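**Student:** I'd like to ask you about the structure that follows.
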Amino acid sequence: MLPWLHSDHFPLYLAPMAGVTDVTFRALCKEMGADVMVTEFVSAEGILQRDDRTRHYTEFDDVQRPLGVQLFGADGVRMGEAARKIIDWKQPDFIDINFGCPVNKVVSKNGGSSLLKNCPLLAEVAREVAKAVPIPVTAKMRIGWDAQTINAVEVARILEDNGIQAITVHGRTRAQGYTGVADWDVIGQVADAVKIPVIGNGDVASGMDVEVRRAQTNVKGIMIGRAAMANPWVFQEAKHYLSTGGHAVPASVQQRFALMRRHCEMAVARSTRGGEFEIVRSMRSRLMSYTRCIPGGKFLRGRFGQIASMMELDDILAEYLTHSDRFHQRPDVDDDITVESN
Ligand SMILES: Cc1cc2nc3c(=O)[nH]c(=O)nc-3n(C[C@H](O)[C@H](O)[C@H](O)COP(=O)(O)O)c2cc1C
């Protein structure tokens, strides 16, 4: 039994998201109440080649524990070697294997969700990694390759039989990408079919969503991804809802701005690969994600699309606050409002 999945605890996981859940964002989500986290996926071959950039993705701080490093690949023995190398570097709490990535670059090399179409190879990958390492190995999967071949229950049983200790199920097929809605009926069937804990994932954005999915299925935890990109408070809001049945007061615009600033400052302070200019530029899409919960998001996104310094960030936020009454008066037409720049 994984200690964070014991019977009287229902953990909220931060989903691994490539390009998003780096060490800085994970630190913020941990403060906001995320219980368990998984690094964005790294290629086993990248790890074995000691590629510095790949290694950088496996960085974490102890406060982020329990934490898993996620690996993808299609050769179980090589993946086992890569997992051992990671353990030598960093001692994560678990290794997670990616059987869900839909991206062509990964799928074309038989990694990620393509293994859902090749159960013997999937079994071998799980078995070899589980055999190779002294720490728990978990897996994250989609419900199948496409709507005609949904095989999540069969895959979950194979994973359980081959040493996997917990499974996260994202309730979409590979063919769906991120479209449509997550199928929580299939997630529920998987949770009923295996003895190891199943973590449900897909479209959870509030405490009420967590409560509904927990009541509807036998999942032992919930993983949240895109909702946290826009609103990292989602973890604390969900915990508040689970413990009180009431809705927490949403974070204010000022609190959201303070978080954006802090996120940039932390990213600049941690950076070993560029100064403020490079880091703030690389944060543009992250800053844009935060605007989804702010009235007048279009105005902010327009400005963040060009941003390259902390000073500009302060100027944009000050400009927004000067005009904020206009956004708040007409939140329903948020995206139609533009502010003249001068
Ligand atoms: C930008 C982005 C990057 C992602 N990267 C990964 C990844 O590296 N590994 C993985 O297992 N899933 C990855 N995912 C999938 C998420 O972990 C999650 O399964 C998916 O977003 C559904 O959950 P949600 O509806 O809560 O967002 C990624 C998703 C997004 C949006």
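Convention: chains lettered A, B, ... in structure tokens order; per-chain residue numbering from 1; ligands numbered from 1 as shown.
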List every residue of chain A that has an atom at most 7 Å from any atom of ligand 1, and for each one report the closest atom pair and its distance in Å to one decimal, counting only C-alpha atoms and all ligand atoms, with rows sorted by chain and then by increasing residue number, as a tab-separated table.
**Tutor:**
```
residue	atom	partner	partner_atom_place_in_ligand_line	distance
A:Ala15	CA	ligand 1	17 (O)	4.3
A:Pro16	CA	ligand 1	17 (O)	4.4
A:Met17	CA	ligand 1	5 (N)	3.2
A:Ala18	CA	ligand 1	5 (N)	3.9
A:Gly19	CA	ligand 1	1 (C)	6.4
A:Val20	CA	ligand 1	1 (C)	6.3
A:Glu40	CA	ligand 1	8 (O)	4.0
A:Phe41	CA	ligand 1	8 (O)	4.0
A:Asn98	CA	ligand 1	11 (O)	5.3
A:Gly100	CA	ligand 1	11 (O)	5.9
A:Cys101	CA	ligand 1	10 (C)	6.0
A:Lys140	CA	ligand 1	11 (O)	5.8
A:His170	CA	ligand 1	19 (O)	5.1
A:Asn201	CA	ligand 1	23 (O)	5.3
A:Gly202	CA	ligand 1	25 (O)	3.6
A:Asp203	CA	ligand 1	25 (O)	3.5
A:Val204	CA	ligand 1	26 (O)	5.3
A:Met223	CA	ligand 1	26 (O)	6.3
A:Ile224	CA	ligand 1	26 (O)	3.9
A:Gly225	CA	ligand 1	26 (O)	3.5
A:Arg226	CA	ligand 1	27 (O)	3.7
A:Ala227	CA	ligand 1	26 (O)	6.0
```
**Student:** Using only C-alpha atoms, which residues sit within 12 Å of region 47-53 of chain A once same-chain residues fewer than 3 positions away are excluded, as a list in words?
**Tutor:**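 Listing them by chain and then by number gives Phe41, Val42, Ser43, Ala44, His56, Tyr57, Thr58, Glu59, Val69, Gln70, Leu71, Phe72, Gly73, Val77, Arg78, Met79, Gly80, Glu81, Ala82, Ala83, Arg84, Lys85, Ile86, Ile87, Asp88, Trp89, Thr272 and Arg273 of chain A.
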**Student:** If you keep N, CA and C atoms, can you produce a file of those selected residues as a PDB file, in the first residue's frame?
**Tutor:**
```
ATOM      1  N   PHE A  41       6.722  14.270 -18.041  1.00  0.00           N
ATOM      2  CA  PHE A  41       7.395  13.047 -18.488  1.00  0.00           C
ATOM      3  C   PHE A  41       8.799  13.319 -19.040  1.00  0.00           C
ATOM      4  N   VAL A  42       9.674  12.345 -18.844  1.00  0.00           N
ATOM      5  CA  VAL A  42      11.014  12.414 -19.430  1.00  0.00           C
ATOM      6  C   VAL A  42      11.281  11.115 -20.172  1.00  0.00           C
ATOM      7  N   SER A  43      12.073  11.234 -21.226  1.00  0.00           N
ATOM      8  CA  SER A  43      12.369  10.045 -22.025  1.00  0.00           C
ATOM      9  C   SER A  43      13.448   9.213 -21.333  1.00  0.00           C
ATOM     10  N   ALA A  44      13.225   7.906 -21.302  1.00  0.00           N
ATOM     11  CA  ALA A  44      14.220   7.019 -20.681  1.00  0.00           C
ATOM     12  C   ALA A  44      15.553   7.166 -21.404  1.00  0.00           C
ATOM     13  N   HIS A  56      17.230  17.932 -15.846  1.00  0.00           N
ATOM     14  CA  HIS A  56      16.643  19.132 -15.259  1.00  0.00           C
ATOM     15  C   HIS A  56      15.137  18.937 -14.984  1.00  0.00           C
ATOM     16  N   TYR A  57      14.441  18.189 -15.859  1.00  0.00           N
ATOM     17  CA  TYR A  57      13.002  17.977 -15.667  1.00  0.00           C
ATOM     18  C   TYR A  57      12.684  17.112 -14.440  1.00  0.00           C
ATOM     19  N   THR A  58      13.691  16.389 -13.952  1.00  0.00           N
ATOM     20  CA  THR A  58      13.432  15.495 -12.811  1.00  0.00           C
ATOM     21  C   THR A  58      13.725  16.186 -11.469  1.00  0.00           C
ATOM     22  N   GLU A  59      14.140  17.453 -11.525  1.00  0.00           N
ATOM     23  CA  GLU A  59      14.445  18.180 -10.281  1.00  0.00           C
ATOM     24  C   GLU A  59      13.197  18.308  -9.403  1.00  0.00           C
ATOM     25  N   VAL A  69       8.670  10.498 -10.442  1.00  0.00           N
ATOM     26  CA  VAL A  69       9.247  10.937 -11.714  1.00  0.00           C
ATOM     27  C   VAL A  69       8.616  10.081 -12.803  1.00  0.00           C
ATOM     28  N   GLN A  70       8.095  10.764 -13.830  1.00  0.00           N
ATOM     29  CA  GLN A  70       7.406  10.014 -14.884  1.00  0.00           C
ATOM     30  C   GLN A  70       8.333   9.749 -16.074  1.00  0.00           C
ATOM     31  N   LEU A  71       8.346   8.498 -16.511  1.00  0.00           N
ATOM     32  CA  LEU A  71       9.189   8.067 -17.624  1.00  0.00           C
ATOM     33  C   LEU A  71       8.338   7.619 -18.788  1.00  0.00           C
ATOM     34  N   PHE A  72       8.812   7.847 -20.002  1.00  0.00           N
ATOM     35  CA  PHE A  72       8.180   7.187 -21.141  1.00  0.00           C
ATOM     36  C   PHE A  72       9.236   6.492 -21.976  1.00  0.00           C
ATOM     37  N   GLY A  73       8.779   5.488 -22.697  1.00  0.00           N
ATOM     38  CA  GLY A  73       9.674   4.714 -23.542  1.00  0.00           C
ATOM     39  C   GLY A  73       8.958   3.446 -23.943  1.00  0.00           C
ATOM     40  N   VAL A  77      13.606  -2.792 -20.347  1.00  0.00           N
ATOM     41  CA  VAL A  77      14.912  -2.943 -19.692  1.00  0.00           C
ATOM     42  C   VAL A  77      15.618  -1.589 -19.629  1.00  0.00           C
ATOM     43  N   ARG A  78      15.601  -0.864 -20.763  1.00  0.00           N
ATOM     44  CA  ARG A  78      16.220   0.470 -20.796  1.00  0.00           C
ATOM     45  C   ARG A  78      15.495   1.418 -19.832  1.00  0.00           C
ATOM     46  N   MET A  79      14.187   1.277 -19.762  1.00  0.00           N
ATOM     47  CA  MET A  79      13.434   2.154 -18.847  1.00  0.00           C
ATOM     48  C   MET A  79      13.786   1.835 -17.389  1.00  0.00           C
ATOM     49  N   GLY A  80      13.988   0.548 -17.108  1.00  0.00           N
ATOM     50  CA  GLY A  80      14.399   0.145 -15.760  1.00  0.00           C
ATOM     51  C   GLY A  80      15.750   0.751 -15.411  1.00  0.00           C
ATOM     52  N   GLU A  81      16.671   0.724 -16.394  1.00  0.00           N
ATOM     53  CA  GLU A  81      18.005   1.325 -16.163  1.00  0.00           C
ATOM     54  C   GLU A  81      17.868   2.825 -15.907  1.00  0.00           C
ATOM     55  N   ALA A  82      17.010   3.463 -16.713  1.00  0.00           N
ATOM     56  CA  ALA A  82      16.805   4.914 -16.547  1.00  0.00           C
ATOM     57  C   ALA A  82      16.209   5.200 -15.168  1.00  0.00           C
ATOM     58  N   ALA A  83      15.281   4.367 -14.759  1.00  0.00           N
ATOM     59  CA  ALA A  83      14.642   4.579 -13.447  1.00  0.00           C
ATOM     60  C   ALA A  83      15.686   4.460 -12.335  1.00  0.00           C
ATOM     61  N   ARG A  84      16.599   3.491 -12.477  1.00  0.00           N
ATOM     62  CA  ARG A  84      17.646   3.333 -11.435  1.00  0.00           C
ATOM     63  C   ARG A  84      18.555   4.556 -11.393  1.00  0.00           C
ATOM     64  N   LYS A  85      18.855   5.077 -12.579  1.00  0.00           N
ATOM     65  CA  LYS A  85      19.703   6.272 -12.643  1.00  0.00           C
ATOM     66  C   LYS A  85      19.022   7.452 -11.932  1.00  0.00           C
ATOM     67  N   ILE A  86      17.746   7.595 -12.163  1.00  0.00           N
ATOM     68  CA  ILE A  86      17.008   8.691 -11.506  1.00  0.00           C
ATOM     69  C   ILE A  86      17.055   8.507  -9.983  1.00  0.00           C
ATOM     70  N   ILE A  87      16.895   7.268  -9.555  1.00  0.00           N
ATOM     71  CA  ILE A  87      16.899   7.000  -8.107  1.00  0.00           C
ATOM     72  C   ILE A  87      18.280   7.326  -7.519  1.00  0.00           C
ATOM     73  N   ASP A  88      19.334   7.040  -8.274  1.00  0.00           N
ATOM     74  CA  ASP A  88      20.679   7.400  -7.798  1.00  0.00           C
ATOM     75  C   ASP A  88      20.819   8.906  -7.640  1.00  0.00           C
ATOM     76  N   TRP A  89      20.232   9.658  -8.565  1.00  0.00           N
ATOM     77  CA  TRP A  89      20.340  11.118  -8.490  1.00  0.00           C
ATOM     78  C   TRP A  89      19.498  11.692  -7.368  1.00  0.00           C
ATOM     79  N   THR A 272      18.906  28.387 -14.097  1.00  0.00           N
ATOM     80  CA  THR A 272      20.329  28.203 -14.380  1.00  0.00           C
ATOM     81  C   THR A 272      20.536  28.329 -15.888  1.00  0.00           C
ATOM     82  N   ARG A 273      19.437  28.648 -16.579  1.00  0.00           N
ATOM     83  CA  ARG A 273      19.516  28.624 -18.044  1.00  0.00           C
ATOM     84  C   ARG A 273      18.998  29.922 -18.661  1.00  0.00           C
TER      85      ARG A 273
END
```
**Student:** Between A:Ala258, A:Ile95, A:Val63, A:Val169, single out the one closest to Ala132 (chain A), counting only C-alpha atoms.
**Tutor:**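 The closest residue to Ala132 (chain A) is A:Ile95.
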**Student:** Within 12 Å of region 209-212 of chain A, which residues of region 239-340 of chain A come that close, and what is the closest atom pair and distance in Å for each? Count only C-alpha atoms and give it as JSON lines.
**Tutor:**
```
{"residue": "A:Lys239", "atom": "CA", "partner": "A:Val210", "partner_atom": "CA", "distance": 9.2}
{"residue": "A:His240", "atom": "CA", "partner": "A:Glu211", "partner_atom": "CA", "distance": 11.3}
{"residue": "A:Tyr241", "atom": "CA", "partner": "A:Glu211", "partner_atom": "CA", "distance": 8.3}
{"residue": "A:Leu242", "atom": "CA", "partner": "A:Glu211", "partner_atom": "CA", "distance": 6.7}
{"residue": "A:Ser243", "atom": "CA", "partner": "A:Glu211", "partner_atom": "CA", "distance": 10.3}
{"residue": "A:Thr244", "atom": "CA", "partner": "A:Glu211", "partner_atom": "CA", "distance": 11.6}
{"residue": "A:Gly245", "atom": "CA", "partner": "A:Glu211", "partner_atom": "CA", "distance": 9.3}
{"residue": "A:Gly246", "atom": "CA", "partner": "A:Glu211", "partner_atom": "CA", "distance": 11.7}
```
**Student:** Considering only C-alpha atoms, can you say which of A:Ser282, A:Thr24, A:Gln216, A:Ser206 comes closest to His247 (chain A)?
**Tutor:**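 Of all the options, A:Ser206 lies closest to His247 (chain A).
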**Student:** Could you list, as a ChimeraX atom specification, every residue within 10 Å of Arg26 (chain A), counting only C-alpha atoms and ignoring same-chain residues fewer than 5 positions away?
**Tutor:** /A:14-16,20-21,31-32,34,36-39,60-61,63-64,232
**Student:** Please, could you write that set of residues out with N, CA and C atoms as a PDB file, in the first residue's frame?
**Tutor:**
```pdb
ATOM      1  N   LEU A  14      -1.462  16.680  -8.316  1.00  0.00           N
ATOM      2  CA  LEU A  14      -1.243  17.616  -9.421  1.00  0.00           C
ATOM      3  C   LEU A  14      -0.822  16.780 -10.629  1.00  0.00           C
ATOM      4  N   ALA A  15      -1.531  16.935 -11.746  1.00  0.00           N
ATOM      5  CA  ALA A  15      -1.211  16.139 -12.943  1.00  0.00           C
ATOM      6  C   ALA A  15       0.142  16.545 -13.518  1.00  0.00           C
ATOM      7  N   PRO A  16       0.865  15.575 -14.076  1.00  0.00           N
ATOM      8  CA  PRO A  16       2.081  15.960 -14.807  1.00  0.00           C
ATOM      9  C   PRO A  16       1.681  16.679 -16.082  1.00  0.00           C
ATOM     10  N   VAL A  20       4.707  22.771 -18.101  1.00  0.00           N
ATOM     11  CA  VAL A  20       3.906  23.507 -17.109  1.00  0.00           C
ATOM     12  C   VAL A  20       4.332  23.158 -15.677  1.00  0.00           C
ATOM     13  N   THR A  21       4.324  21.861 -15.356  1.00  0.00           N
ATOM     14  CA  THR A  21       4.525  21.478 -13.947  1.00  0.00           C
ATOM     15  C   THR A  21       6.015  21.302 -13.638  1.00  0.00           C
ATOM     16  N   GLU A  31       2.008  24.470  -2.011  1.00  0.00           N
ATOM     17  CA  GLU A  31       1.510  25.461  -1.024  1.00  0.00           C
ATOM     18  C   GLU A  31      -0.008  25.541  -1.030  1.00  0.00           C
ATOM     19  N   MET A  32      -0.595  25.326  -2.202  1.00  0.00           N
ATOM     20  CA  MET A  32      -2.049  25.450  -2.351  1.00  0.00           C
ATOM     21  C   MET A  32      -2.775  24.159  -1.974  1.00  0.00           C
ATOM     22  N   ALA A  34      -1.888  20.752  -2.988  1.00  0.00           N
ATOM     23  CA  ALA A  34      -1.739  19.506  -3.768  1.00  0.00           C
ATOM     24  C   ALA A  34      -0.981  18.500  -2.909  1.00  0.00           C
ATOM     25  N   VAL A  36       0.064  15.104  -3.819  1.00  0.00           N
ATOM     26  CA  VAL A  36       1.029  14.236  -4.492  1.00  0.00           C
ATOM     27  C   VAL A  36       1.325  14.850  -5.853  1.00  0.00           C
ATOM     28  N   MET A  37       2.569  14.756  -6.297  1.00  0.00           N
ATOM     29  CA  MET A  37       2.883  15.314  -7.603  1.00  0.00           C
ATOM     30  C   MET A  37       3.775  14.389  -8.404  1.00  0.00           C
ATOM     31  N   VAL A  38       3.686  14.583  -9.712  1.00  0.00           N
ATOM     32  CA  VAL A  38       4.457  13.757 -10.643  1.00  0.00           C
ATOM     33  C   VAL A  38       5.153  14.731 -11.587  1.00  0.00           C
ATOM     34  N   THR A  39       6.437  14.503 -11.868  1.00  0.00           N
ATOM     35  CA  THR A  39       7.130  15.405 -12.793  1.00  0.00           C
ATOM     36  C   THR A  39       6.551  15.247 -14.186  1.00  0.00           C
ATOM     37  N   PHE A  60      13.381  18.217  -8.116  1.00  0.00           N
ATOM     38  CA  PHE A  60      12.284  18.537  -7.191  1.00  0.00           C
ATOM     39  C   PHE A  60      12.864  18.900  -5.829  1.00  0.00           C
ATOM     40  N   ASP A  61      12.056  19.561  -5.018  1.00  0.00           N
ATOM     41  CA  ASP A  61      12.449  19.891  -3.644  1.00  0.00           C
ATOM     42  C   ASP A  61      11.787  18.881  -2.711  1.00  0.00           C
ATOM     43  N   VAL A  63      10.150  19.219  -0.107  1.00  0.00           N
ATOM     44  CA  VAL A  63       8.818  19.602   0.364  1.00  0.00           C
ATOM     45  C   VAL A  63       7.726  19.120  -0.607  1.00  0.00           C
ATOM     46  N   GLN A  64       8.121  18.820  -1.837  1.00  0.00           N
ATOM     47  CA  GLN A  64       7.132  18.375  -2.831  1.00  0.00           C
ATOM     48  C   GLN A  64       6.783  16.889  -2.698  1.00  0.00           C
ATOM     49  N   PRO A 232      -4.370  27.680  -9.408  1.00  0.00           N
ATOM     50  CA  PRO A 232      -3.713  26.731  -8.492  1.00  0.00           C
ATOM     51  C   PRO A 232      -4.421  26.617  -7.145  1.00  0.00           C
TER      52      PRO A 232
END
```
**Student:** Leaving out Glu124 (chain A) and any residue of its chain fewer than 2 positions from it, which residues lie within 9 Å of it when counting only C-alpha atoms, given as number ranges by chain?
**Tutor:** A: 75-77, 119-122, 126-129, 162
**Student:** Would you list, as a PyMOL selection string, the residues of region 57-299 of chain A that end up in strand (DSSP E) under DSSP run on this structure's backbone?
**Tutor:** chain A and resi 67-72+94-99+137-144+167-173+198-201+221-224
**Student:** Give me, please, the distance in Å between CA of Val181 (chain A) and CA of Ala228 (chain A), quoted to one decimal.
**Tutor:**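 Interatomic distance here is 17.5 Å.
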**Student:** Which is closest to Thr173 (chain A) among A:Gly275, A:Gly144, A:Gly68, A:Pro197, if we use only C-alpha atoms?
**Tutor:**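 Residue with the minimum atom-to-atom distance to Thr173 (chain A): A:Gly144.
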**Student:** Looking at A:Val133, A:Arg174, A:Phe25, A:Asp35, which one is nearest to Phe99 (chain A), with distances taken over only C-alpha atoms?
**Tutor:**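 Selected residue with least distance to Phe99 (chain A): A:Arg174.
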**Student:** So that I can check the secondary structure, give me every residue of region 121-305 of chain A assigned alpha helix (DSSP H) by backbone DSSP, as a ChimeraX atom specification.
**Tutor:** /A:121-132,152-161,184-193,207-216,226-230,234-244,253-270,276-282,284-290,297-304
**Student:** Write out, as a CSV table (one decimal), in the first residue's frame, the residues just selected, with C-alpha atoms.
**Tutor:**
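Everything below was put into selection34.csv:
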```csv
chain,number,residue,atom,x,y,z
A,121,LEU,CA,4.8,-4.9,-24.8
A,122,LEU,CA,2.9,-2.9,-22.2
A,123,ALA,CA,3.1,-5.8,-19.8
A,124,GLU,CA,6.9,-6.2,-20.4
A,125,VAL,CA,7.5,-2.5,-19.8
A,126,ALA,CA,5.6,-2.5,-16.5
A,127,ARG,CA,7.3,-5.8,-15.4
A,128,GLU,CA,10.9,-4.7,-16.3
A,129,VAL,CA,10.6,-1.3,-14.6
A,130,ALA,CA,8.9,-2.8,-11.5
A,131,LYS,CA,11.6,-5.5,-11.3
A,132,ALA,CA,14.5,-3.0,-11.7
A,152,ALA,CA,-8.8,0.3,-19.9
A,153,VAL,CA,-10.1,-2.6,-17.7
A,154,GLU,CA,-8.0,-5.2,-19.5
A,155,VAL,CA,-4.9,-2.9,-19.4
A,156,ALA,CA,-5.3,-2.1,-15.7
A,157,ARG,CA,-5.5,-5.8,-14.9
A,158,ILE,CA,-2.3,-6.4,-16.9
A,159,LEU,CA,-0.6,-3.6,-15.0
A,160,GLU,CA,-1.7,-4.9,-11.7
A,161,ASP,CA,-0.4,-8.4,-12.6
A,184,TRP,CA,-15.8,8.6,-15.7
A,185,ASP,CA,-17.9,5.5,-16.2
A,186,VAL,CA,-14.9,3.7,-17.6
A,187,ILE,CA,-12.7,5.2,-14.8
A,188,GLY,CA,-15.2,3.7,-12.4
A,189,GLN,CA,-15.1,0.3,-14.1
A,190,VAL,CA,-11.3,0.3,-13.8
A,191,ALA,CA,-11.5,1.2,-10.1
A,192,ASP,CA,-13.9,-1.8,-9.6
A,193,ALA,CA,-11.8,-4.2,-11.6
A,207,GLY,CA,-14.4,20.8,-5.0
A,208,MET,CA,-17.9,19.8,-6.2
A,209,ASP,CA,-16.4,17.9,-9.1
A,210,VAL,CA,-14.1,16.0,-6.7
A,211,GLU,CA,-17.0,15.2,-4.4
A,212,VAL,CA,-19.2,14.0,-7.3
A,213,ARG,CA,-16.4,11.8,-8.8
A,214,ARG,CA,-15.5,10.3,-5.4
A,215,ALA,CA,-19.2,9.4,-4.7
A,216,GLN,CA,-19.7,8.0,-8.2
A,226,ARG,CA,-5.6,22.1,-16.6
A,227,ALA,CA,-7.8,23.6,-13.9
A,228,ALA,CA,-4.7,24.1,-11.7
A,229,MET,CA,-2.9,25.9,-14.6
A,230,ALA,CA,-5.5,28.6,-14.5
A,234,VAL,CA,-8.2,24.7,-6.9
A,235,PHE,CA,-6.6,22.3,-4.4
A,236,GLN,CA,-7.3,24.4,-1.3
A,237,GLU,CA,-10.8,25.2,-2.7
A,238,ALA,CA,-11.5,21.5,-3.1
A,239,LYS,CA,-10.3,20.6,0.4
A,240,HIS,CA,-12.4,23.4,1.8
A,241,TYR,CA,-15.4,22.0,0.0
A,242,LEU,CA,-14.7,18.4,1.0
A,243,SER,CA,-14.4,19.3,4.7
A,244,THR,CA,-17.2,21.9,5.0
A,253,VAL,CA,-7.6,39.6,-8.7
A,254,GLN,CA,-5.0,41.1,-6.4
A,255,GLN,CA,-4.1,37.7,-5.1
A,256,ARG,CA,-3.9,36.3,-8.6
A,257,PHE,CA,-1.5,39.1,-9.7
A,258,ALA,CA,0.6,38.5,-6.6
A,259,LEU,CA,0.9,34.9,-7.5
A,260,MET,CA,1.9,35.7,-11.1
A,261,ARG,CA,4.6,38.0,-9.8
A,262,ARG,CA,5.8,35.4,-7.3
A,263,HIS,CA,5.8,32.7,-10.0
A,264,CYS,CA,8.0,34.9,-12.2
A,265,GLU,CA,10.3,35.8,-9.4
A,266,MET,CA,10.8,32.2,-8.3
A,267,ALA,CA,11.4,31.1,-11.9
A,268,VAL,CA,14.0,33.8,-12.4
A,269,ALA,CA,15.7,33.0,-9.0
A,270,ARG,CA,15.9,29.3,-9.8
A,276,GLU,CA,15.2,37.6,-16.5
A,277,PHE,CA,14.6,38.3,-20.2
A,278,GLU,CA,14.7,34.7,-21.2
A,279,ILE,CA,12.7,33.4,-18.2
A,280,VAL,CA,9.9,36.0,-18.4
A,281,ARG,CA,9.6,35.4,-22.1
A,282,SER,CA,9.3,31.7,-21.4
A,284,ARG,CA,4.3,34.2,-21.4
A,285,SER,CA,1.9,31.2,-21.9
A,286,ARG,CA,1.9,30.5,-18.2
A,287,LEU,CA,0.9,34.1,-17.4
A,288,MET,CA,-1.8,33.8,-20.0
A,289,SER,CA,-3.2,30.7,-18.3
A,290,TYR,CA,-3.7,32.6,-15.1
A,297,GLY,CA,-8.5,38.3,-19.6
A,298,LYS,CA,-8.2,39.2,-23.3
A,299,PHE,CA,-6.6,42.5,-22.4
A,300,LEU,CA,-4.1,40.8,-20.1
A,301,ARG,CA,-3.4,38.1,-22.7
A,302,GLY,CA,-2.7,40.7,-25.3
A,303,ARG,CA,-0.1,42.3,-23.0
A,304,PHE,CA,1.4,39.1,-21.7
```
**Student:** What gap, in Å, lies between CA of Ile143 (chain A) and CA of Ser113 (chain A)?
**Tutor:**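 Computing it gives 9.3 Å between the two atoms.
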**Student:** Quick one: pull the distance between CA of Arg65 (chain A) and CA of Lys195 (chain A), Å, one decimal.
**Tutor:**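 So the two atoms, CA of Arg65 (chain A) and CA of Lys195 (chain A), lie 24.3 Å apart.
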